[in-house]
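Beneath this line is the structure, given in structure tokens, with notes to follow.
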Amino acid sequence: MTSERIYVGSYTSQAGGGDGIAFGPLDGIETVATIADPSFLVISADGRFLYATDEEDNGKVAAFAIQPDGGLEFLNNQPTGGVHPCHLDIDPSGRYLLSANYTSGSVAVHALNDDGSVGERADFVQRSGTGPNAERQEGPHAHQIAFDPAGAYVFDIDLGSDTVYSSTLGEDGVLHEVDQLRIHPGAGPRHMVFHPTADAAYVINELDSTLTVCSYSDGKLQVVQTASTRPADSPGENFPAELLISADGRFLYGSNRGDNTVAVFAIGADGQSVELVQTISSGGDWPRHLAFGNDGKTLYAANERSDQIATFSIDNGQLTAQGEPVSWPKPVCILPI
């Protein structure tokens, strides 16, 4: 088992949930911060601060100072102005923290202070729209914040309206919309990643188990391929969640909740085509999050419903399970350091 140290965010409001954020080697993680439903975590570029969503009705983002032993000192939190923030990211300049409010379908931008604390809200954008899935797309549902490799454009992915919004982020922290990509109706786009060198991006869709391949240029996306995240004729319901891309841009990894697998796609040389080459058990039930180890040769899967974190080795893109999954309550985000 890897000795790498990781942070783990766990749901706390669910029955049998955890206490908040844990830290340590996988076989020795311990709670280091008590916070309600930290469903996503991110660390500042200098490694000094950790930021977490507080995925409650009255949503917040929280800041912590990372201690030499990995412990977390709470600095402050700020309201996002939305309901159930589920994702956040730091802009490449390190000046702003952006968050996606899932249930209310909005995006918040907060300034970051020099001491690492979260400052006042600099911008707030309320999305609108619906989709054909009456149960899940009755309104907008923002699910992710992502920056392109150059850091020139920021994207917010809206599951409720099948839309990926592209914007620039001004010096004052205000978002200025550039373009919209409409994914096919009922797809439910959830997360996206960019190819590290090719002009391409990939969107995993929660509601119909597909992966959308896009060409990319100057903040604008165009669909070039749609592929399934599961083998043909797979039975039962399935809801993809996380999406990762290898550092060399050769492979994609997506989690399938329902099938409880990790799907591996080989990426074409130009970045604009994919082929499903492997599906492997996620090592538990309901893999909400995936994360690469820092060596690029390890992949973690956070299986929310079975309270398990599984580890895989990566060899030429293919995954192999390593040892037995580790038990931890309701893991929903893994962040190696």
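Letters A, B, ... mark the chains of the structure tokens in the order given; residue numbers begin at 1 per chain; ligand numbers begin at 1, in order shown.
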(message) I want to know what sits within 10 Å of range 318-327 of chain A, based on only C-alpha atoms, with residues of the same chain fewer than 5 positions away left out; could you give that as a PyMOL selection string?
(response) chain A and resi 1-2+26-29+251+253+262-266+277-284+297-303+306-313
(request) Mind checking which residues fall within 8 Å of range 130-147 of chain A, counting only C-alpha atoms, ignoring those fewer than 6 positions away in the same chain, and posting them as a ChimeraX atom specification? (result) /A:86-89,91,98-107,153-162,185-186,188,190-193
(message) Just checking: using only C-alpha atoms, which residue out of A:Glu56, A:Ser167, A:Ser273, A:Gly20 ends up closest to Tyr202 in chain A?
(response) A:Ser273
(request) Could you please determine the separation between CA of Ile334 in chain A and CA of Gln78 in chain A in Å, to one decimal place? (result)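 It comes out at 22.7 Å.
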